[in-house]
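Below is the file input00.cif, which contains mmCIF, C-alpha atoms.
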```cif
data_query
#
loop_
_atom_site.label_atom_id
_atom_site.label_comp_id
_atom_site.auth_asym_id
_atom_site.auth_seq_id
_atom_site.Cartn_x
_atom_site.Cartn_y
_atom_site.Cartn_z
CA MET A 1187 -14.29 121.58 -100.35
CA GLN A 1188 -15.90 120.65 -97.03
CA THR A 1189 -14.92 122.84 -94.10
CA GLU A 1190 -14.31 119.80 -91.87
CA ILE A 1191 -11.69 118.40 -94.23
CA VAL A 1192 -9.90 121.77 -94.42
CA GLU A 1193 -9.87 121.92 -90.63
CA LYS A 1194 -8.53 118.39 -90.24
CA ILE A 1195 -5.81 118.94 -92.84
CA ALA A 1196 -4.77 122.05 -90.90
CA LYS A 1197 -4.64 120.06 -87.66
CA LEU A 1198 -2.58 117.30 -89.33
CA LEU A 1199 -0.08 119.75 -90.77
CA SER A 1200 0.23 121.55 -87.42
CA GLY A 1201 0.83 118.26 -85.61
CA GLU A 1202 -2.40 118.46 -83.57
CA ALA A 1203 -4.49 115.79 -85.33
CA ASN A 1204 -5.20 112.60 -83.40
CA GLN A 1205 -4.84 109.14 -84.93
CA ALA A 1206 -8.54 108.90 -85.82
CA GLU A 1207 -8.35 112.21 -87.73
CA ILE A 1208 -5.17 111.12 -89.49
CA ASN A 1209 -6.86 107.88 -90.56
CA GLU A 1210 -9.90 109.81 -91.80
CA ILE A 1211 -7.75 112.16 -93.89
CA ASN A 1212 -5.80 109.23 -95.38
CA ALA A 1213 -9.06 107.46 -96.27
CA TRP A 1214 -10.37 110.66 -97.86
CA ARG A 1215 -7.17 111.05 -99.88
CA ASN A 1216 -7.59 107.51 -101.23
CA GLU A 1217 -11.16 108.12 -102.40
CA ALA A 1218 -10.22 110.12 -105.50
CA ALA A 1219 -7.20 111.46 -107.37
CA GLU A 1220 -8.47 115.04 -106.97
CA HIS A 1221 -8.48 114.59 -103.18
CA GLU A 1222 -4.79 113.62 -103.28
CA ARG A 1223 -4.02 116.61 -105.51
CA TYR A 1224 -5.87 118.95 -103.14
CA PHE A 1225 -3.97 117.60 -100.14
CA ASN A 1226 -0.59 118.08 -101.85
CA GLU A 1227 -1.54 121.62 -102.94
CA SER A 1228 -2.65 122.40 -99.39
CA ARG A 1229 0.68 121.17 -98.05
CA GLU A 1230 2.52 123.46 -100.45
CA CYS A 1231 0.36 126.37 -99.29
CA TRP A 1232 1.05 125.45 -95.68
CA LEU A 1233 4.78 125.70 -96.30
CA LEU A 1234 4.18 129.14 -97.78
CA ALA A 1235 2.21 130.17 -94.68
CA GLU A 1236 4.95 128.81 -92.41
CA GLU A 1237 7.47 131.37 -93.67
CA THR A 1238 5.17 134.23 -94.60
CA PRO A 1239 3.94 136.79 -92.00
CA LEU A 1240 0.25 136.20 -91.34
CA SER A 1241 -0.53 139.90 -91.67
CA GLU A 1242 0.88 139.97 -95.20
CA ILE A 1243 -1.35 137.10 -96.32
CA ILE A 1244 -4.55 138.27 -94.65
CA GLY A 1245 -3.80 141.77 -95.87
CA LYS A 1246 -4.99 140.61 -99.25
CA ASN A 1247 -8.55 141.50 -98.21
CA LYS A 1248 -10.27 140.85 -101.50
CA THR A 1249 -8.67 137.43 -101.79
CA TRP A 1250 -9.51 136.52 -98.21
CA GLU A 1251 -13.15 137.46 -98.71
CA GLN A 1252 -13.32 135.13 -101.69
CA ILE A 1253 -11.84 132.14 -99.84
CA ALA A 1254 -14.02 132.79 -96.78
CA ALA A 1255 -17.10 132.65 -98.98
CA GLN A 1256 -15.91 129.35 -100.50
CA ILE A 1257 -15.14 127.40 -97.31
CA GLY A 1258 -17.73 129.05 -95.03
CA THR A 1259 -17.39 130.35 -91.50
CA LEU A 1260 -16.00 128.06 -88.83
CA ALA A 1261 -18.69 126.87 -86.41
CA PRO A 1262 -18.38 128.92 -83.17
CA ALA A 1263 -19.29 125.88 -81.06
CA ARG A 1264 -16.01 124.16 -81.95
CA THR A 1265 -12.89 124.90 -79.93
CA TYR A 1266 -9.35 124.93 -81.29
CA SER A 1267 -6.03 126.00 -79.90
CA LYS A 1268 -4.85 129.43 -80.92
CA ARG A 1269 -2.04 127.80 -82.90
CA THR A 1270 -4.43 125.64 -84.93
CA LEU A 1271 -6.77 128.53 -85.67
CA LEU A 1272 -3.95 130.79 -86.79
CA ARG A 1273 -2.56 128.08 -89.04
CA LEU A 1274 -5.96 127.24 -90.40
CA VAL A 1275 -6.47 130.87 -91.34
CA SER A 1276 -2.96 131.00 -92.77
CA MET A 1277 -3.57 127.94 -94.92
CA ALA A 1278 -6.96 129.15 -96.17
CA ALA A 1279 -5.54 132.56 -96.98
CA ALA A 1280 -2.53 131.05 -98.72
CA ILE A 1281 -4.81 128.84 -100.78
CA ALA A 1282 -6.83 131.92 -101.68
CA VAL A 1283 -3.72 133.75 -102.80
CA LEU A 1284 -2.84 130.92 -105.17
CA LEU A 1285 -6.39 130.40 -106.44
CA THR A 1286 -6.74 134.06 -107.42
CA SER A 1287 -3.27 134.17 -109.06
CA SER A 1288 -1.96 136.81 -106.68
CA VAL A 1289 1.42 138.20 -107.59
CA PHE A 1290 2.47 138.00 -103.98
CA LEU A 1291 5.08 135.34 -103.19
CA GLY A 1292 6.66 134.89 -99.78
CA SER A 1293 10.42 134.76 -99.51
CA GLY A 1294 10.27 131.13 -98.38
CA TYR A 1295 8.16 130.19 -101.39
CA ARG A 1296 10.51 132.03 -103.76
CA LYS A 1297 13.42 130.16 -102.23
CA ARG A 1298 11.68 126.82 -102.75
CA MET A 1299 10.80 127.72 -106.31
CA ALA A 1300 14.43 128.67 -107.00
CA LEU A 1301 15.65 125.40 -105.51
CA ALA A 1302 13.12 123.41 -107.51
CA LYS A 1303 14.11 125.19 -110.71
CA SER A 1304 17.81 124.50 -110.19
CA ALA A 1305 17.33 120.96 -108.84
CA LYS A 1306 19.32 118.21 -110.48
CA GLU A 1307 18.85 114.46 -110.47
CA VAL A 1308 21.01 112.22 -108.30
CA VAL A 1309 21.40 108.68 -109.69
CA ILE A 1310 22.94 105.80 -107.72
CA THR A 1311 23.41 102.29 -109.16
CA ALA A 1312 24.59 99.18 -107.33
CA PRO A 1313 27.20 97.42 -109.51
CA GLU A 1314 26.23 94.06 -110.99
CA GLY A 1315 26.86 91.33 -108.43
CA GLN A 1316 27.17 93.81 -105.56
CA LYS A 1317 24.92 95.59 -103.04
CA ALA A 1318 24.85 99.26 -102.04
CA LYS A 1319 23.50 101.23 -99.07
CA VAL A 1320 22.26 104.81 -99.51
CA SER A 1321 21.41 107.42 -96.85
CA LEU A 1322 18.89 109.96 -98.15
CA PRO A 1323 18.83 113.64 -97.09
CA ASP A 1324 15.93 112.94 -94.66
CA HIS A 1325 18.05 110.18 -93.01
CA SER A 1326 15.96 107.38 -94.51
CA ARG A 1327 18.05 104.40 -95.57
CA VAL A 1328 17.89 102.34 -98.76
CA TRP A 1329 19.65 99.08 -99.61
CA LEU A 1330 20.07 98.39 -103.33
CA ASN A 1331 20.35 94.88 -104.71
CA SER A 1332 22.61 93.94 -107.63
CA GLY A 1333 22.21 96.26 -110.65
CA THR A 1334 19.47 98.36 -109.00
CA THR A 1335 19.20 102.08 -109.79
CA LEU A 1336 17.83 104.70 -107.38
CA SER A 1337 17.29 108.34 -108.35
CA TYR A 1338 16.02 111.48 -106.60
CA ARG A 1339 16.19 115.25 -107.02
CA THR A 1340 18.56 117.49 -105.08
CA ASP A 1341 15.55 119.33 -103.61
CA PHE A 1342 14.42 116.06 -101.99
CA GLY A 1343 12.81 116.69 -98.60
CA ILE A 1344 12.15 120.40 -99.07
CA THR A 1345 8.55 120.10 -100.21
CA GLU A 1346 8.26 116.37 -100.87
CA ARG A 1347 10.11 113.06 -100.58
CA THR A 1348 10.07 111.15 -103.86
CA VAL A 1349 12.52 108.60 -105.27
CA LYS A 1350 12.47 106.42 -108.38
CA ILE A 1351 13.60 102.82 -108.41
CA ARG A 1352 14.47 100.22 -111.03
CA GLY A 1353 15.44 96.87 -109.61
CA GLU A 1354 15.13 95.63 -106.02
CA ALA A 1355 15.51 97.74 -102.90
CA PHE A 1356 14.78 97.63 -99.18
CA PHE A 1357 13.59 100.90 -97.61
CA ASP A 1358 13.78 101.99 -93.97
CA VAL A 1359 11.90 105.31 -94.09
CA ASP A 1360 11.98 107.93 -91.33
CA ARG A 1361 8.48 109.01 -90.33
CA ASP A 1362 7.30 112.49 -91.37
CA GLU A 1363 3.50 112.84 -91.47
CA SER A 1364 3.67 116.21 -93.22
CA LYS A 1365 5.75 114.76 -96.09
CA PRO A 1366 4.73 111.28 -97.25
CA PHE A 1367 7.51 109.27 -98.87
CA TYR A 1368 6.90 108.07 -102.46
CA VAL A 1369 8.75 105.31 -104.30
CA GLN A 1370 7.94 105.43 -108.01
CA THR A 1371 8.39 102.87 -110.77
CA ASP A 1372 7.15 103.15 -114.35
CA ASP A 1373 3.80 101.63 -113.38
CA ILE A 1374 3.15 102.13 -109.67
CA ALA A 1375 3.95 104.37 -106.72
CA VAL A 1376 4.34 103.27 -103.10
CA ARG A 1377 3.24 105.88 -100.55
CA VAL A 1378 4.42 105.64 -96.93
CA LEU A 1379 4.88 107.87 -93.89
CA GLY A 1380 7.49 105.85 -92.02
CA THR A 1381 8.01 102.14 -92.52
CA ARG A 1382 10.25 99.27 -93.66
CA PHE A 1383 9.47 97.42 -96.87
CA ASN A 1384 10.97 95.61 -99.86
CA ILE A 1385 10.16 96.42 -103.50
CA ASN A 1386 11.20 94.29 -106.46
CA ASN A 1387 10.89 95.82 -109.94
CA CYS A 1388 13.65 93.99 -111.77
CA VAL A 1389 14.38 94.76 -115.42
CA GLY A 1390 12.63 92.29 -117.70
CA SER A 1391 10.16 91.11 -115.05
CA GLU A 1392 6.45 91.17 -115.88
CA ASN A 1393 5.54 91.91 -112.25
CA THR A 1394 6.39 94.29 -109.43
CA SER A 1395 6.18 93.05 -105.84
CA VAL A 1396 6.01 94.97 -102.57
CA SER A 1397 6.33 93.24 -99.18
CA LEU A 1398 5.89 95.04 -95.87
CA LEU A 1399 7.96 94.42 -92.74
CA SER A 1400 6.55 97.18 -90.50
CA GLY A 1401 4.26 100.21 -90.68
CA SER A 1402 1.75 100.65 -93.50
CA VAL A 1403 2.05 101.33 -97.24
CA ASP A 1404 -0.33 102.26 -100.04
CA VAL A 1405 0.39 100.95 -103.53
CA ILE A 1406 -1.03 103.31 -106.16
CA SER A 1407 -1.38 103.22 -109.94
CA ALA A 1408 1.02 105.64 -111.63
CA LYS A 1409 -1.45 105.95 -114.51
CA ASN A 1410 -4.59 107.17 -112.73
CA GLY A 1411 -3.71 107.51 -109.05
CA ASN A 1412 -6.12 104.75 -107.98
CA LEU A 1413 -5.33 102.72 -104.89
CA ILE A 1414 -4.20 99.18 -105.80
CA ALA A 1415 -3.55 97.82 -102.30
CA ASN A 1416 -3.00 98.83 -98.70
CA LEU A 1417 -0.49 96.54 -96.98
CA SER A 1418 -0.22 95.51 -93.35
CA PRO A 1419 2.98 93.99 -91.87
CA GLY A 1420 3.59 90.47 -93.16
CA GLN A 1421 1.76 91.04 -96.44
CA LYS A 1422 2.99 91.03 -100.05
CA VAL A 1423 1.31 92.31 -103.18
CA VAL A 1424 2.32 91.26 -106.71
CA ILE A 1425 1.20 93.60 -109.50
CA ASP A 1426 1.10 92.82 -113.21
CA ASN A 1427 2.97 95.72 -114.84
CA GLN A 1428 0.71 95.73 -117.91
CA THR A 1429 -2.79 95.23 -116.51
CA LEU A 1430 -2.11 96.42 -112.92
CA ASN A 1431 -4.04 93.39 -111.69
CA SER A 1432 -2.77 92.48 -108.23
CA HIS A 1433 -2.60 89.56 -105.82
CA LEU A 1434 -2.32 90.16 -102.06
CA SER A 1435 -1.03 87.40 -99.79
CA GLU A 1436 0.74 86.68 -96.50
CA CYS A 1437 4.50 86.21 -96.73
CA ASP A 1438 7.73 85.87 -94.79
CA VAL A 1439 9.04 89.41 -95.30
CA ALA A 1440 12.31 88.65 -93.53
CA LEU A 1441 12.94 85.97 -96.16
CA GLU A 1442 11.84 88.29 -98.98
CA SER A 1443 14.42 90.88 -97.91
CA ILE A 1444 17.17 88.57 -96.61
CA TRP A 1445 19.40 89.66 -99.51
CA GLN A 1446 19.78 92.98 -97.63
CA SER A 1447 21.85 91.12 -95.00
CA GLU A 1448 24.05 89.60 -97.73
CA GLN A 1449 22.30 86.23 -97.90
CA LEU A 1450 20.46 84.47 -100.69
CA LYS A 1451 18.20 81.60 -99.68
CA ILE A 1452 17.23 78.85 -102.11
CA GLN A 1453 14.26 76.84 -100.81
CA MET A 1454 12.93 73.86 -102.73
CA GLU A 1455 13.54 75.47 -106.13
CA PRO A 1456 14.34 73.87 -109.52
CA ILE A 1457 17.66 74.32 -111.26
CA ALA A 1458 16.32 76.95 -113.69
CA GLU A 1459 15.20 79.21 -110.82
CA VAL A 1460 18.47 78.63 -108.97
CA ILE A 1461 20.40 79.71 -112.08
CA ARG A 1462 18.23 82.84 -112.50
CA LYS A 1463 18.87 83.90 -108.91
CA MET A 1464 22.59 83.20 -109.18
CA GLU A 1465 22.81 85.38 -112.30
CA TYR A 1466 21.25 88.26 -110.40
CA TRP A 1467 23.24 87.66 -107.21
CA TYR A 1468 26.65 87.39 -108.85
CA GLY A 1469 26.06 89.69 -111.84
CA VAL A 1470 26.89 87.00 -114.42
CA GLU A 1471 25.29 85.35 -117.45
CA ILE A 1472 24.66 81.62 -117.24
CA ASP A 1473 23.70 79.29 -120.10
CA LEU A 1474 22.03 76.12 -118.84
CA LEU A 1475 22.27 73.16 -121.25
CA SER A 1476 20.59 69.75 -120.95
CA SER A 1477 18.23 70.98 -118.23
CA ASP A 1478 16.16 67.79 -117.78
CA ASN A 1479 17.21 67.86 -114.13
CA ASP A 1480 14.12 67.73 -111.87
CA GLU A 1481 16.04 68.08 -108.59
CA LEU A 1482 14.80 70.69 -106.07
CA TYR A 1483 17.55 72.64 -104.27
CA TRP A 1484 17.73 74.00 -100.73
CA PHE A 1485 20.76 76.00 -99.57
CA THR A 1486 21.92 79.48 -98.48
CA ILE A 1487 24.47 81.63 -100.28
CA LYS A 1488 26.45 84.00 -98.09
CA ASP A 1489 29.99 84.94 -99.12
CA GLN A 1490 30.72 81.95 -101.35
CA SER A 1491 32.24 82.58 -104.75
CA ILE A 1492 30.43 81.56 -107.93
CA ALA A 1493 32.87 78.65 -108.35
CA GLU A 1494 32.12 77.44 -104.81
CA MET A 1495 28.40 77.52 -105.52
CA LEU A 1496 28.80 75.61 -108.78
CA ASN A 1497 30.81 72.96 -106.92
CA LEU A 1498 28.02 72.73 -104.34
CA ILE A 1499 25.44 72.15 -107.09
CA ASP A 1500 27.75 69.56 -108.64
CA ARG A 1501 27.77 67.61 -105.36
CA ILE A 1502 23.95 67.59 -105.31
CA THR A 1503 23.44 66.94 -109.03
CA PRO A 1504 26.46 66.23 -111.27
CA ILE A 1505 27.19 69.04 -113.74
CA ASP A 1506 29.98 70.22 -116.02
CA TYR A 1507 30.66 73.94 -116.18
CA THR A 1508 33.03 76.45 -117.73
CA ILE A 1509 33.69 80.00 -116.55
CA ASN A 1510 34.76 82.63 -119.09
CA ASP A 1511 34.97 85.98 -117.30
CA ARG A 1512 31.31 86.83 -116.52
CA HIS A 1513 29.84 84.16 -118.80
CA ILE A 1514 29.22 80.65 -117.48
CA THR A 1515 28.04 77.54 -119.28
CA ILE A 1516 26.47 74.65 -117.32
CA ARG A 1517 25.69 71.20 -118.70
CA CYS A 1518 23.79 68.68 -116.57
CA LYS A 1519 25.31 65.20 -116.71
CA ASN A 1520 23.15 62.24 -117.61
#
```

Would you kindly transcribe this structure into structure tokens?
Amino acid sequence: MQTEIVEKIAKLLSGEANQAEINEINAWRNEAAEHERYFNESRECWLLAEETPLSEIIGKNKTWEQIAAQIGTLAPARTYSKRTLLRLVSMAAAIAVLLTSSVFLGSGYRKRMALAKSAKEVVITAPEGQKAKVSLPDHSRVWLNSGTTLSYRTDFGITERTVKIRGEAFFDVDRDESKPFYVQTDDIAVRVLGTRFNINNCVGSENTSVSLLSGSVDVISAKNGNLIANLSPGQKVVIDNQTLNSHLSECDVALESIWQSEQLKIQMEPIAEVIRKMEYWYGVEIDLLSSDNDELYWFTIKDQSIAEMLNLIDRITPIDYTINDRHITIRCKN
């Protein structure tokens, strides 16, 4: 591993890296899956060094000699703060301890291992036809659309921030450069530091979409770790769940995530698409009969009941409908 990268990772983890160095590290992480693995392993080692006396780590002389030979001697012409140098040495020594399978484990590391071993999964589901808001342990906020499931481990935020999602959710993530935030689906992962974005991975859909309101996100393949897309604010990527082919475009993110503010906008959409969105919004099943209707609809749903919405459609295009609990049948009139 190049000495410069080790140094820059140490500066990032100690909070002393400038924006150019942070960008360089992020670009390096995206180059290969092994780079991302190395970065995550280094972060784990850093946490070990944070709670372990430096003298205890460096006291492993044989191990330290091995790591020093691998990464080389720091160039004397470069200048670093005492804090960065100490942490750089701590990280390198901690990495050496792990690489040589040392039996030494710091108390902080043992604590993390114990927490990880006993961690349980927390699962939160928004009821059909309803929305839910979740505050995560790191104070990040998540809004769940109808029927969406969010899960995370009880050790969330200790060494990493990872959640799993099935459905549609809007994330407002607190920034923490030492612990990137990951949103995982079956096929992709979204990696962020601190940002606001919408992800739609609804059950039965062939695609997953991610639209970015602010900040920056990386969309990564869950199969091989390759970068699929890097989004800037106002962009949306749609990924085919089978092939992972993607399409990046500009979008109105506020419209994409308007459901989060309890509104559903229908804009120039045919009756079949209106029905699909109403099923999701209200948590019902709708059978559409005699659907030769070629009308395009434009309206906003806020707090109207399903019956009120059906009456609105009837005023635009005559229909007959019956409601039986959560099952609705619609017939377009000739």

* To do: Determine the residue set returned by the PyMOL selection byres ((chain A and resi 1460-1474) around 9) for the present structure, and present it as JSON, numbers by chain.
  => {"A": [1313, 1314, 1315, 1316, 1331, 1332, 1333, 1445, 1450, 1452, 1455, 1456, 1457, 1458, 1459, 1475, 1476, 1477, 1483, 1491, 1492, 1495, 1511, 1512, 1513, 1514, 1515, 1516, 1517, 1518]}

* To do: Return as a ChimeraX atom specification the set of residues that the PyMOL selection byres ((chain A and resi 1382) around 8) yields on the displayed structure.
  => /A:1356-1359,1380-1381,1383-1384,1398-1401

Keeping C-alpha atoms for every residue in the selection just given, could you write it to a file as a PDB file, in the coordinates of the input?
```
ATOM      1  CA  PHE A1356      14.780  97.630 -99.180  1.00  0.00           C
ATOM      2  CA  PHE A1357      13.590 100.900 -97.610  1.00  0.00           C
ATOM      3  CA  ASP A1358      13.780 101.990 -93.970  1.00  0.00           C
ATOM      4  CA  VAL A1359      11.900 105.310 -94.090  1.00  0.00           C
ATOM      5  CA  GLY A1380       7.490 105.850 -92.020  1.00  0.00           C
ATOM      6  CA  THR A1381       8.010 102.140 -92.520  1.00  0.00           C
ATOM      7  CA  PHE A1383       9.470  97.420 -96.870  1.00  0.00           C
ATOM      8  CA  ASN A1384      10.970  95.610 -99.860  1.00  0.00           C
ATOM      9  CA  LEU A1398       5.890  95.040 -95.870  1.00  0.00           C
ATOM     10  CA  LEU A1399       7.960  94.420 -92.740  1.00  0.00           C
ATOM     11  CA  SER A1400       6.550  97.180 -90.500  1.00  0.00           C
ATOM     12  CA  GLY A1401       4.260 100.210 -90.680  1.00  0.00           C
TER      13      GLY A1401
END
```

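This file, queried with the PyMOL selection byres ((chain A and resi 1340-1342) around 8), gives the residues Leu1301, Ala1302, Ala1305, Lys1306, Glu1307, Val1308, Pro1323, Tyr1338, Arg1339, Gly1343, Ile1344, Thr1345, Glu1346, Arg1347 and Thr1348 of chain A.
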
* Near Asp1360 of chain A, within 9 Å and counting only C-alpha atoms, which residues show up once chain neighbours fewer than 3 positions away are dropped, as a count of residues only? -> 8

* Asked: So which residues touch Asp1438 of chain A within 9 Å, counting only C-alpha atoms, skipping near sequence neighbours fewer than 4 positions away, as an NGL selection string?
  -> :A and (1397 or 1399 or 1420-1422 or 1442-1443)

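Within 10 Å of the point (10.3, 96.0, -107.9), and counting only C-alpha atoms, the protein, DNA and RNA residues are A:Thr1334, A:Ile1351, A:Arg1352, A:Gly1353, A:Glu1354, A:Ala1355, A:Phe1356, A:Gln1370, A:Thr1371, A:Ile1374, A:Asn1384, A:Ile1385, A:Asn1386, A:Asn1387, A:Cys1388, A:Val1389, A:Ser1391, A:Asn1393, A:Thr1394, A:Ser1395, A:Val1396, A:Ser1397, A:Val1424, A:Ile1425.
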